[in-house]
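Colleague: Got a structure for you, model34.txt, holding compact mmCIF, C-alpha atoms.
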# COMPACT_ATOMS: atom_id res chain seq x y z
CA MET A 364 33.97 -5.89 12.41
CA ASN A 365 32.87 -2.43 11.21
CA TYR A 366 34.54 -2.91 7.83
CA ILE A 367 32.79 -6.24 7.25
CA ILE A 368 29.41 -4.74 8.13
CA LEU A 369 30.06 -1.77 5.83
CA LEU A 370 30.82 -4.16 2.99
CA LEU A 371 27.72 -6.22 3.77
CA GLU A 372 25.57 -3.08 3.78
CA SER A 373 27.06 -2.01 0.43
CA LEU A 374 26.19 -5.39 -1.07
CA LEU A 375 22.70 -5.17 0.43
CA VAL A 376 22.20 -1.77 -1.23
CA CYS A 377 23.37 -3.21 -4.59
CA CYS A 378 21.02 -6.20 -4.29
CA MET A 379 18.14 -3.90 -3.31
CA MET A 380 18.65 -1.76 -6.43
CA ILE A 381 18.72 -4.75 -8.77
CA LEU A 382 15.71 -6.35 -7.05
CA PHE A 383 13.60 -3.20 -7.14
CA TYR A 384 14.57 -2.45 -10.72
CA LYS A 385 13.58 -5.95 -11.81
CA GLN A 386 10.28 -5.60 -10.03
CA GLY A 387 9.30 -2.06 -10.94
CA LYS A 388 11.78 -0.62 -13.50
CA LYS A 389 11.87 3.19 -13.13
CA ARG A 390 9.36 3.13 -10.27
CA GLY A 391 11.53 0.54 -8.54
CA LEU A 392 14.55 2.85 -8.64
CA TYR A 393 12.49 5.73 -7.23
CA LEU A 394 11.26 3.45 -4.44
CA CYS A 395 14.89 2.56 -3.77
CA VAL A 396 15.73 6.25 -3.33
CA ALA A 397 12.75 6.63 -0.97
CA ILE A 398 13.71 3.59 1.13
CA MET A 399 17.36 4.63 1.41
CA ALA A 400 16.44 8.21 2.34
CA SER A 401 13.97 6.95 4.96
CA ILE A 402 16.45 4.55 6.60
CA LEU A 403 19.06 7.34 6.62
CA CYS A 404 16.73 9.44 8.79
CA VAL A 405 17.07 6.79 11.49
CA THR A 406 20.65 5.62 11.18
CA SER A 407 22.64 8.73 10.28
CA PHE A 408 22.66 10.10 13.85
CA LYS A 409 24.89 7.32 15.15
CA LEU A 410 28.66 7.59 14.84
CA VAL A 411 31.10 4.72 14.44
CA ASP A 412 34.86 4.66 14.63
CA ILE A 413 36.72 4.05 11.35
CA LEU A 414 40.52 4.51 11.27
CA GLY A 415 40.31 6.63 14.43
CA PHE A 416 37.76 9.09 13.04
CA GLN A 417 34.02 9.42 13.56
CA VAL A 418 31.86 8.39 10.64
CA ASN A 419 28.06 8.56 10.42
CA LEU A 420 26.19 5.32 9.86
CA GLY A 421 24.43 4.64 6.61
CA LEU A 422 27.14 5.77 4.19
CA PRO A 423 26.30 2.90 1.79
CA LEU A 424 22.78 4.34 1.70
CA VAL A 425 24.02 7.84 0.76
CA SER A 426 26.14 6.34 -2.01
CA GLY A 427 23.19 4.17 -3.03
CA ILE A 428 21.02 7.26 -3.54
CA PHE A 429 23.65 8.75 -5.89
CA ILE A 430 24.06 5.45 -7.76
CA SER A 431 20.27 5.13 -8.24
CA SER A 432 20.18 8.73 -9.44
CA ASN A 433 22.95 7.99 -11.97
CA ILE A 434 21.08 4.94 -13.28
CA ILE A 435 17.85 6.94 -13.65
CA VAL A 436 19.67 9.76 -15.50
CA GLN A 437 21.51 7.22 -17.69
CA LYS A 438 18.33 5.39 -18.68
CA TYR A 439 15.66 8.08 -18.65
CA GLY A 440 17.48 11.39 -19.13
CA LEU A 441 18.25 14.58 -17.26
CA ASP A 442 14.57 15.57 -16.89
CA GLU A 443 14.23 13.13 -14.01
CA VAL A 444 16.56 15.09 -11.67
CA LYS A 445 13.78 17.18 -10.17
CA LYS A 446 11.69 14.12 -9.41
CA ILE A 447 14.67 12.33 -7.82
CA ILE A 448 15.33 15.28 -5.51
CA ILE A 449 11.64 15.61 -4.61
CA THR A 450 11.46 11.87 -3.82
CA PHE A 451 14.53 12.15 -1.61
CA LEU A 452 13.34 15.28 0.20
CA MET A 453 9.75 14.11 0.71
CA SER A 454 10.71 10.72 2.12
CA SER A 455 13.35 12.21 4.42
CA ILE A 456 11.09 14.96 5.75
CA LEU A 457 8.01 12.75 6.20
CA VAL A 458 9.88 9.98 8.04
CA PHE A 459 11.76 12.46 10.24
CA LEU A 460 8.55 14.34 11.07
CA PHE A 461 6.49 11.24 11.91
CA ILE A 462 9.18 9.51 13.96
CA ASN A 463 9.97 12.63 15.95
CA LEU A 464 6.32 13.48 16.53
CA THR A 465 5.86 10.02 18.09
CA GLY A 466 8.85 10.74 20.32
CA VAL A 467 6.95 13.69 21.81
CA ILE A 468 3.97 11.53 22.89
CA SER A 469 4.21 10.41 26.55
CA ARG A 470 5.66 6.95 26.90
CA SER A 471 3.97 4.03 28.59
CA GLU A 472 5.45 2.43 31.70
CA TYR A 473 5.60 -0.91 29.89
CA ASN A 474 8.75 -1.71 27.89
CA LEU A 475 10.38 1.30 29.53
CA VAL A 476 13.97 0.75 28.33
CA SER A 477 12.94 0.75 24.70
CA ASN A 478 10.62 3.75 25.18
CA LEU A 479 13.35 5.77 26.90
CA ALA A 480 15.83 4.87 24.17
CA TYR A 481 13.34 5.96 21.48
CA ASP A 482 12.67 9.30 23.20
CA ASN A 483 16.38 9.91 23.74
CA LEU A 484 17.18 9.19 20.08
CA PHE A 485 14.35 11.13 18.50
CA ALA A 486 11.84 13.57 20.07
CA TYR A 487 13.34 16.58 18.25
CA ASN A 488 16.82 16.37 19.63
CA LEU A 489 18.67 19.55 18.52
CA SER A 490 21.92 17.85 17.47
CA ASN A 491 19.90 15.30 15.47
CA LEU A 492 18.04 18.14 13.79
CA ARG A 493 21.36 19.68 12.75
CA ILE A 494 22.61 16.38 11.29
CA PHE A 495 19.28 15.93 9.51
CA VAL A 496 19.35 19.41 7.97
CA GLY A 497 23.03 18.96 7.00
CA GLY A 498 22.19 15.62 5.41
CA ILE A 499 19.22 16.73 3.34
CA LEU A 500 20.85 19.98 2.22
CA SER A 501 24.15 18.42 1.16
CA THR A 502 22.55 15.40 -0.52
CA SER A 503 19.79 17.22 -2.40
CA LEU A 504 22.16 19.96 -3.60
CA MET A 505 24.73 17.43 -4.74
CA LEU A 506 22.13 15.17 -6.37
CA TYR A 507 21.31 18.10 -8.63
CA TYR A 508 24.92 18.84 -9.62
CA ASN A 509 25.81 15.13 -9.76
CA SER A 510 23.20 14.53 -12.46
CA TYR A 511 24.55 17.37 -14.61
CA ILE A 512 28.19 16.31 -14.20
CA TYR A 513 27.23 12.69 -14.92
CA TYR A 514 25.24 13.72 -17.98
CA TYR A 515 27.98 15.94 -19.45
CA ILE A 516 30.77 13.38 -18.90
CA ARG A 517 28.50 10.82 -20.55
CA ARG A 518 27.90 13.13 -23.51
CA SER A 519 31.60 13.85 -24.04
CA LYS A 520 33.03 10.36 -23.37
CA ASN A 521 30.01 8.04 -23.66
CA ARG A 522 31.60 5.48 -21.34
CA LEU A 523 29.62 4.26 -18.33
CA LEU A 524 32.75 3.84 -16.24
CA PHE A 525 34.03 7.39 -16.86
CA SER A 526 30.73 9.11 -16.16
CA ASN A 527 30.15 7.16 -12.93
CA ILE A 528 33.64 7.45 -11.49
CA GLY A 529 34.12 11.04 -12.68
CA SER A 530 30.91 12.35 -11.12
CA MET A 531 31.51 10.30 -7.97
CA LEU A 532 35.05 11.61 -7.36
CA ILE A 533 33.99 15.25 -7.65
CA ILE A 534 30.56 15.21 -6.07
CA GLN A 535 31.24 12.94 -3.09
CA PHE A 536 34.06 15.17 -1.90
CA ILE A 537 31.89 18.29 -2.00
CA GLU A 538 28.98 16.43 -0.37
CA SER A 539 31.21 15.16 2.45
CA THR A 540 32.63 18.64 3.06
CA ILE A 541 29.21 20.36 3.14
CA PHE A 542 27.69 17.66 5.37
CA ILE A 543 30.50 17.61 7.94
CA ILE A 544 30.75 21.41 8.11
CA LEU A 545 26.99 21.86 8.52
CA SER A 546 26.60 19.05 11.04
CA TYR A 547 29.71 19.13 13.21
CA THR A 548 31.36 22.60 13.13
CA PHE A 549 31.95 23.87 16.71
CA ILE A 550 31.55 20.31 18.02
CA TYR A 551 34.88 18.86 16.84
CA SER A 552 38.26 20.50 16.19
CA SER A 553 39.30 21.43 12.64
CA THR A 554 41.74 18.47 12.49
CA GLU A 555 38.97 16.07 13.44
CA LEU A 556 36.59 17.68 10.96
CA PHE A 557 39.17 17.29 8.20
CA GLY A 558 39.68 13.63 9.13
CA MET A 559 35.92 13.04 9.16
CA ILE A 560 35.59 14.58 5.67
CA VAL A 561 38.42 12.45 4.27
CA ILE A 562 37.18 9.18 5.82
CA ARG A 563 33.58 9.84 4.75
CA TYR A 564 34.79 10.61 1.23
CA LEU A 565 36.97 7.49 1.01
CA ILE A 566 34.22 5.15 2.24
CA LYS A 567 31.72 6.63 -0.19
CA VAL A 568 34.14 6.26 -3.08
CA ILE A 569 34.76 2.59 -2.17
CA VAL A 570 31.01 1.96 -1.87
CA GLY A 571 30.55 3.80 -5.18
CA LEU A 572 33.04 1.44 -6.83
CA VAL A 573 31.14 -1.58 -5.44
CA GLY A 574 28.00 0.13 -6.74
CA LEU A 575 29.30 -0.02 -10.32
CA LEU A 576 28.07 -3.62 -10.33
CA PRO A 577 24.34 -2.77 -10.16
CA VAL A 578 24.94 0.15 -12.55
CA TYR A 579 26.25 -2.23 -15.21
CA VAL A 580 23.63 -4.91 -14.51
CA ILE A 581 20.70 -2.48 -14.61
CA VAL A 582 21.88 -0.40 -17.58
CA LYS A 583 22.35 -3.57 -19.63
CA MET A 584 18.86 -4.84 -18.70
CA LYS A 585 16.21 -4.01 -21.25
CA ASP A 586 12.94 -2.35 -20.23
CA LYS A 587 9.91 -4.30 -21.39
CA MET B 665 -1.13 17.13 24.08
CA ASN B 666 -0.77 13.35 23.57
CA VAL B 667 -4.27 13.06 22.13
CA MET B 668 -3.62 16.06 19.88
CA ILE B 669 -0.46 14.52 18.40
CA PHE B 670 -2.17 11.13 18.02
CA LEU B 671 -5.09 12.74 16.18
CA LEU B 672 -2.72 14.88 14.10
CA LEU B 673 -0.78 11.79 12.98
CA SER B 674 -4.04 9.97 12.15
CA ILE B 675 -5.31 12.94 10.13
CA ILE B 676 -1.99 13.22 8.26
CA CYS B 677 -2.06 9.47 7.59
CA ILE B 678 -5.49 9.46 5.94
CA GLY B 679 -5.03 13.01 4.56
CA LEU B 680 -2.00 12.00 2.50
CA ILE B 681 -3.98 9.13 0.96
CA PHE B 682 -6.70 11.63 0.07
CA ILE B 683 -4.21 14.11 -1.47
CA ILE B 684 -2.59 11.37 -3.55
CA HIS B 685 -6.00 10.08 -4.66
CA LYS B 686 -7.09 13.53 -5.78
CA TYR B 687 -3.94 15.02 -7.27
CA PHE B 688 -1.52 12.18 -8.00
CA GLY B 689 -1.42 8.61 -9.30
CA LYS B 690 -0.43 5.05 -8.59
CA GLU B 691 3.33 5.71 -8.43
CA GLU B 692 2.94 8.18 -5.56
CA LEU B 693 0.75 5.70 -3.68
CA TYR B 694 3.57 3.12 -3.90
CA PHE B 695 5.88 5.77 -2.47
CA LEU B 696 3.48 6.52 0.37
CA ALA B 697 3.11 2.81 1.22
CA ILE B 698 6.89 2.45 1.51
CA ILE B 699 7.12 5.51 3.78
CA TYR B 700 4.27 4.22 5.97
CA ALA B 701 5.93 0.79 6.22
CA ILE B 702 9.22 2.24 7.47
CA VAL B 703 7.50 4.67 9.84
CA ALA B 704 5.26 1.89 11.21
CA LEU B 705 8.28 -0.34 11.83
CA MET B 706 10.09 2.45 13.68
CA MET B 707 7.01 3.42 15.68
CA SER B 708 6.47 -0.19 16.73
CA PHE B 709 9.44 0.28 19.08
CA LYS B 710 7.47 2.67 21.26
CA THR B 711 4.52 2.04 23.55
CA ILE B 712 2.52 5.20 24.18
CA LYS B 713 -0.04 6.15 26.80
CA ILE B 714 -3.14 7.67 25.30
CA PHE B 715 -6.70 8.06 26.66
CA GLY B 716 -5.32 6.36 29.81
CA ILE B 717 -4.45 3.12 28.00
CA ASP B 718 -1.10 1.74 26.80
CA ILE B 719 -0.91 1.06 23.09
CA ASN B 720 1.72 0.33 20.47
CA ALA B 721 2.47 3.49 18.47
CA SER B 722 2.61 1.68 15.13
CA ILE B 723 -1.16 1.23 14.85
CA ILE B 724 -1.74 4.50 12.96
CA PHE B 725 0.57 3.90 10.00
CA ASP B 726 -0.05 0.18 10.10
CA SER B 727 -3.70 0.97 9.40
CA GLY B 728 -2.53 3.33 6.64
CA ILE B 729 -0.75 0.44 4.88
CA ILE B 730 -3.88 -1.75 4.99
CA PHE B 731 -5.95 1.08 3.53
CA ILE B 732 -3.49 1.72 0.73
CA LEU B 733 -3.83 -1.98 -0.09
CA TYR B 734 -7.63 -1.65 0.07
CA TYR B 735 -7.38 1.33 -2.30
CA PHE B 736 -5.21 -0.68 -4.73
CA ILE B 737 -7.61 -3.62 -4.78
CA ARG B 738 -10.61 -1.36 -5.35
CA LYS B 739 -8.95 0.74 -8.06
CA TYR B 740 -6.38 -1.41 -9.84
CA LYS B 741 -5.80 -4.97 -11.01
CA TYR B 742 -4.82 -7.76 -8.60
CA ASN B 743 -1.33 -7.86 -10.10
CA GLU B 744 -0.67 -4.31 -8.87
CA SER B 745 -1.67 -5.12 -5.30
CA LYS B 746 0.65 -8.15 -5.40
CA LYS B 747 3.50 -5.87 -6.49
CA LEU B 748 2.65 -3.44 -3.72
CA MET B 749 2.70 -6.19 -1.07
CA LEU B 750 6.04 -7.45 -2.36
CA SER B 751 7.54 -3.95 -2.33
CA ILE B 752 6.38 -3.36 1.26
CA LEU B 753 7.73 -6.71 2.37
CA ILE B 754 11.16 -6.21 0.76
CA CYS B 755 11.29 -2.69 2.20
CA MET B 756 10.52 -4.03 5.70
CA LEU B 757 13.15 -6.76 5.45
CA ILE B 758 15.83 -4.36 4.21
CA THR B 759 15.03 -1.82 6.95
CA SER B 760 15.17 -4.57 9.58
CA MET B 761 18.52 -5.80 8.25
CA PHE B 762 19.95 -2.27 8.29
CA LEU B 763 18.74 -1.66 11.82
CA ILE B 764 20.30 -4.87 13.09
CA THR B 765 23.63 -4.50 11.28
CA THR B 766 24.05 -0.85 12.26
CA SER B 767 23.28 -1.60 15.91
CA ILE B 768 26.05 -4.18 16.20
CA MET B 769 28.74 -1.91 14.71
CA ILE B 770 31.46 -0.85 17.15
CA PRO B 771 30.52 2.74 18.11
CA SER B 772 32.63 5.86 18.36
CA LEU B 773 33.70 6.89 21.88
CA TYR B 774 32.13 10.31 21.33
CA ASP B 775 28.76 8.92 20.32
CA GLU B 776 26.23 9.87 23.01
CA PHE B 777 23.35 8.13 21.23
CA ASN B 778 24.96 4.74 20.79
CA PHE B 779 23.58 3.25 23.99
CA SER B 780 20.04 4.40 23.16
CA TYR B 781 20.32 3.13 19.58
CA GLN B 782 21.50 -0.31 20.65
CA ASN B 783 18.85 -0.48 23.37
CA MET B 784 16.13 0.49 20.96
CA VAL B 785 17.08 -2.03 18.28
CA LEU B 786 18.41 -5.00 20.25
CA ASP B 787 15.72 -4.86 22.97
CA ASN B 788 13.12 -4.90 20.21
CA LEU B 789 14.61 -7.77 18.25
CA PRO B 790 11.38 -9.86 18.56
CA THR B 791 9.45 -6.87 17.14
CA ILE B 792 11.86 -6.50 14.22
CA ILE B 793 11.48 -10.19 13.37
CA ILE B 794 7.74 -10.63 14.02
CA TYR B 795 6.48 -7.34 12.53
CA PRO B 796 7.33 -8.05 8.84
CA LEU B 797 5.92 -11.56 9.27
CA SER B 798 2.67 -10.35 10.82
CA LEU B 799 2.33 -7.66 8.14
CA LEU B 800 2.76 -10.28 5.42
CA ILE B 801 0.01 -12.44 6.93
CA THR B 802 -2.28 -9.44 7.47
CA MET B 803 -1.75 -8.11 3.95
CA SER B 804 -2.34 -11.53 2.36
CA LEU B 805 -5.53 -12.03 4.37
CA SER B 806 -6.71 -8.48 3.70
CA SER B 807 -5.98 -8.82 0.02
CA TYR B 808 -8.07 -12.00 -0.22
CA CYS B 809 -10.97 -10.54 1.77
CA PHE B 810 -10.97 -7.19 -0.06
CA ARG B 811 -11.03 -8.98 -3.44
CA GLN B 812 -14.07 -10.96 -2.33
CA LEU B 813 -15.71 -7.80 -1.04
CA LYS B 814 -15.10 -6.04 -4.36
CA GLU B 815 -17.70 -8.32 -5.94
CA GLU B 816 -20.27 -7.62 -3.21
CA GLU B 817 -22.99 -5.09 -3.87
CA ASP B 818 -25.13 -5.17 -0.70
CA TYR B 819 -23.95 -3.71 2.61
CA ARG B 820 -20.37 -3.44 1.38
CA LEU B 821 -19.34 -0.88 4.02
CA ILE B 822 -20.62 -2.96 6.93
CA LYS B 823 -19.01 -6.11 5.53
CA THR B 824 -15.71 -4.25 5.07
CA ILE B 825 -15.80 -3.01 8.66
CA LEU B 826 -16.53 -6.52 9.98
CA THR B 827 -13.67 -7.92 7.89
CA ILE B 828 -11.31 -5.28 9.21
CA ILE B 829 -12.29 -6.05 12.81
CA GLY B 830 -11.38 -9.71 12.21
CA ILE B 831 -8.12 -9.00 10.39
CA THR B 832 -7.03 -6.53 13.07
CA PHE B 833 -7.57 -9.19 15.73
CA ILE B 834 -5.29 -11.63 13.89
CA GLU B 835 -2.65 -8.95 13.34
CA VAL B 836 -2.67 -7.77 16.94
CA LEU B 837 -2.53 -11.35 18.18
CA ILE B 838 0.45 -12.25 16.02
CA PHE B 839 2.43 -9.05 16.18
CA ILE B 840 1.75 -7.15 19.37
CA TYR B 841 0.99 -10.09 21.65
CA PHE B 842 3.87 -12.33 20.64
CA SER B 843 6.52 -9.63 20.27
CA TYR B 844 5.69 -8.12 23.67
CA ALA B 845 5.31 -11.56 25.25
CA PHE B 846 8.97 -12.23 24.49
CA MET B 847 10.04 -8.85 25.85
CA ILE B 848 7.89 -8.08 28.88
CA GLY B 849 5.96 -11.26 29.65
CA PHE B 850 2.64 -12.77 28.59
CA LYS B 851 0.40 -10.99 31.10
CA LYS B 852 1.57 -7.45 30.30
CA ALA B 853 1.61 -8.31 26.60
CA LEU B 854 -2.06 -9.28 26.82
CA ILE B 855 -2.97 -5.89 28.32
CA ILE B 856 -1.09 -3.96 25.58
CA SER B 857 -2.58 -6.21 22.88
CA LEU B 858 -6.15 -5.69 24.06
CA ASN B 859 -5.66 -1.94 24.38
CA SER B 860 -4.02 -1.73 20.97
CA TYR B 861 -6.79 -3.84 19.44
CA LEU B 862 -9.46 -1.56 20.84
CA ALA B 863 -7.71 1.61 19.63
CA LYS B 864 -6.89 0.14 16.24
CA VAL B 865 -10.42 -1.10 15.58
CA ILE B 866 -11.83 2.38 16.30
CA LEU B 867 -9.18 3.99 14.11
CA MET B 868 -9.75 1.52 11.27
CA ILE B 869 -13.52 1.96 11.31
CA ILE B 870 -13.06 5.74 11.03
CA PHE B 871 -10.49 5.23 8.23
CA THR B 872 -12.85 2.86 6.35
CA ILE B 873 -15.65 5.41 6.42
CA PHE B 874 -13.26 8.17 5.27
CA LEU B 875 -11.83 6.00 2.51
CA ASN B 876 -15.30 5.26 1.18
CA ILE B 877 -15.92 9.02 1.06
CA ILE B 878 -12.52 9.51 -0.66
CA PHE B 879 -13.55 7.07 -3.42
CA LYS B 880 -16.43 9.37 -4.29
CA VAL B 881 -14.12 12.40 -4.71
CA LYS B 882 -13.26 13.00 -8.35
CA LYS B 883 -9.61 12.62 -9.28
CA VAL B 884 -7.72 15.50 -10.87
CA LYS B 885 -5.19 13.09 -12.45
CA GLU B 886 -6.52 9.85 -13.92
Starting from the file, give its structure as C-alpha cells.
Modeller:
Amino acid sequence: MNYIILLLESLLVCCMMILFYKQGKKRGLYLCVAIMASILCVTSFKLVDILGFQVNLGLPLVSGIFISSNIIVQKYGLDEVKKIIITFLMSSILVFLFINLTGVISRSEYNLVSNLAYDNLFAYNLSNLRIFVGGILSTSLMLYYNSYIYYYIRRSKNRLLFSNIGSMLIIQFIESTIFIILSYTFIYSSTELFGMIVIRYLIKVIVGLVGLLPVYVIVKMKDK
Amino acid sequence: MNVMIFLLLSIICIGLIFIIHKYFGKEELYFLAIIYAIVALMMSFKTIKIFGIDINASIIFDSGIIFILYYFIRKYKYNESKKLMLSILICMLITSMFLITTSIMIPSLYDEFNFSYQNMVLDNLPTIIIYPLSLLITMSLSSYCFRQLKEEEDYRLIKTILTIIGITFIEVLIFIYFSYAFMIGFKKALIISLNSYLAKVILMIIFTIFLNIIFKVKKVKE
C-alpha cells in the first residue's frame, strides 16, 4: 500500500511540474518549489514504515524540489540558485509560522476531534520544530551545492542524464544524513538512524529517477 | 491572547500584500497567493473561539486570497488574474490530494502523531473537498464583480464593500455551512457559519479600506 502511494505521489509531483511549467514557465517552476515546500511543512512530521524503518512523509516532494531546481539551473543558469533557496525558505517558514500560530489560539468546542488533532500536530510542538529545522537546513544547504554540482557536471559532460543522476547520487545521500542526524539523534539508536538514512536515500533516488521524465519534457519544451 | 494572535495574523496577512506592493512585483504576489491558499486550507481544519464566538480559522487568509485577486484585477490585465485563479486552484487540488494520500499510508509503530494526522485529515474530508470548490466559485464571482467595478468611477469603495459582503455570504454558505453540516450537523453548522460570516465581513471591510490606501502608496519596483 505504502509503495503504491509513494509511486502515485511521485507521479503527481511530475505532473505538477509539467503543468506549472506549461502555465507559467520559470514562474511556474518557482511556484512548484513554493507549493512543495509548503506541503512538506505539514506532512514531514508523520512517519511511515518502509522495509522495517521509519521514513518521513513527503519524500517525493523533497526530490521534487531538487528536480525543479535542476530544471531552473539547466534552463536559466546558476544565478537562479539564490532565488530558489529564498523561495524554499520563505514558503517553509511562512507556512510553518502561520499554521503553528493558529494552533496556539484556543479551540472551539465544536468539531472537537479535529481541533484537538490540529493542536496536537502543530501548536509549536518541540519535536516538530526539530524536524522542521532539520528539514530546512539540510534542504537549503544541499540545494545550493546541488546546483553547483549539477552545473559543473553539465559543463564537463553536457549530458542531461549524467548531470541529473550524478548530482542526485551525491547530494541526496548528504541531505539524508544531515536531515536524519539533526532530526532524530538521541531519539533512535545508531542502527535505526543508519537504516533511516539508507531508506530515505534509496526512496529519493528512485523518485529522482522517475523525475527524469519531467526534466526531459520541460528541458525540451521551448520558452515562448 | 487569542485576540492578539488573531489580530497579528490579520496584520501579517495584509502587511505582506503591502510589502510586496511597495518593494516587489507580480511574481512575488503569485507566490504569496499560493502560500495563502495552502495556509487557508490547513487553517480550515480548526474552529477557534474568539470574541466569545466560534469561527473557522481560515477566514483571515481566505480574505487575503480574495484581496490578492482584487489587486491583480485593479493592476494587471484580465489574463493575469485568470492565471492566478488557475494556479491557486491547482495548488489547492494538489495539496488536498497529498493530504488524503499521506493520511491513508500505513504508519510507523513509533509515530505518535499518526492518530492526530489521520483524525485531522479524514474527519475533515468534506472540508478538503468543498473548500477548493467554494474558493473556485468565490474567485470567479469576485473576478467578475471586480472587473465591473474597475469601470466604475462614483462611490467605488462603497460598491466594493457591498460586493464583498455579498460574495462572502455565498462563500460562507457553500464552504463553512455545507462542510460543517456534514461533520457536526446542520444546526451547529448554521451557528459557525453565521459567526464566521460576521467576523469575515468585518475583516474584509477593514482589508478593503487598507487595500485602497495601499493602492495610493508609490511602488519602489514597477
Colleague: Give me the residues of chain A that have any atom at most 6 Å from an atom of chain B; for each, the nearest atom pair and the distance in Å, rounded to one decimal. Use all atoms listed in the file, sort by chain and number, and format it as a tab-separated table.
Modeller:
residue	atom	partner	partner_atom	distance
A:Asn365	CA	B:Met769	CA	5.4
A:Leu410	CA	B:Ser772	CA	5.6
A:Val411	CA	B:Pro771	CA	4.2
A:Asp412	CA	B:Ser772	CA	4.5
A:Ile468	CA	B:Asn666	CA	5.1
A:Ser469	CA	B:Ile712	CA	6.0
A:Arg470	CA	B:Ile712	CA	4.5
A:Ser471	CA	B:Ile712	CA	4.8
A:Ser477	CA	B:Met784	CA	4.9
A:Asn478	CA	B:Lys710	CA	5.1
A:Ala480	CA	B:Ser780	CA	4.4
Colleague: Of the residues A:Ile543, A:Leu523, A:Ile562, A:Cys377, which is the one nearest to Asn433 in chain A, using only C-alpha atoms?
Modeller: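 Using only C-alpha atoms, the shortest distance to Asn433 in chain A belongs to A:Leu523.
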Colleague: Could you pull the residues within 12 Å of Tyr508 in chain A, counting only C-alpha atoms, minus those fewer than 6 positions along the same chain, as JSON, numbers by chain?
Modeller: {"A": [429, 432, 433, 441, 444, 445, 448, 501, 502, 514, 515, 530, 531, 533, 534, 535, 537, 538]}
Colleague: Can you list, as a ChimeraX atom specification, every protein, DNA or RNA residue that comes within 12 Å of range 866-874 of chain B when you count all atoms listed in the file, leaving out same-chain residues fewer than 4 positions away?
Modeller: /B:670-671,673-679,681-682,723-732,734-735,820-833,859-862,878-881
Colleague: Mind listing whatever residues come within 6 Å of the point (15.2, 0.7, -7.5)? Use all atoms listed in the file, file coordinates, and give them as a list in words.
Modeller: Met380, Phe383, Tyr384, Gly391, Leu392, Tyr393, Leu394 and Cys395 of chain A
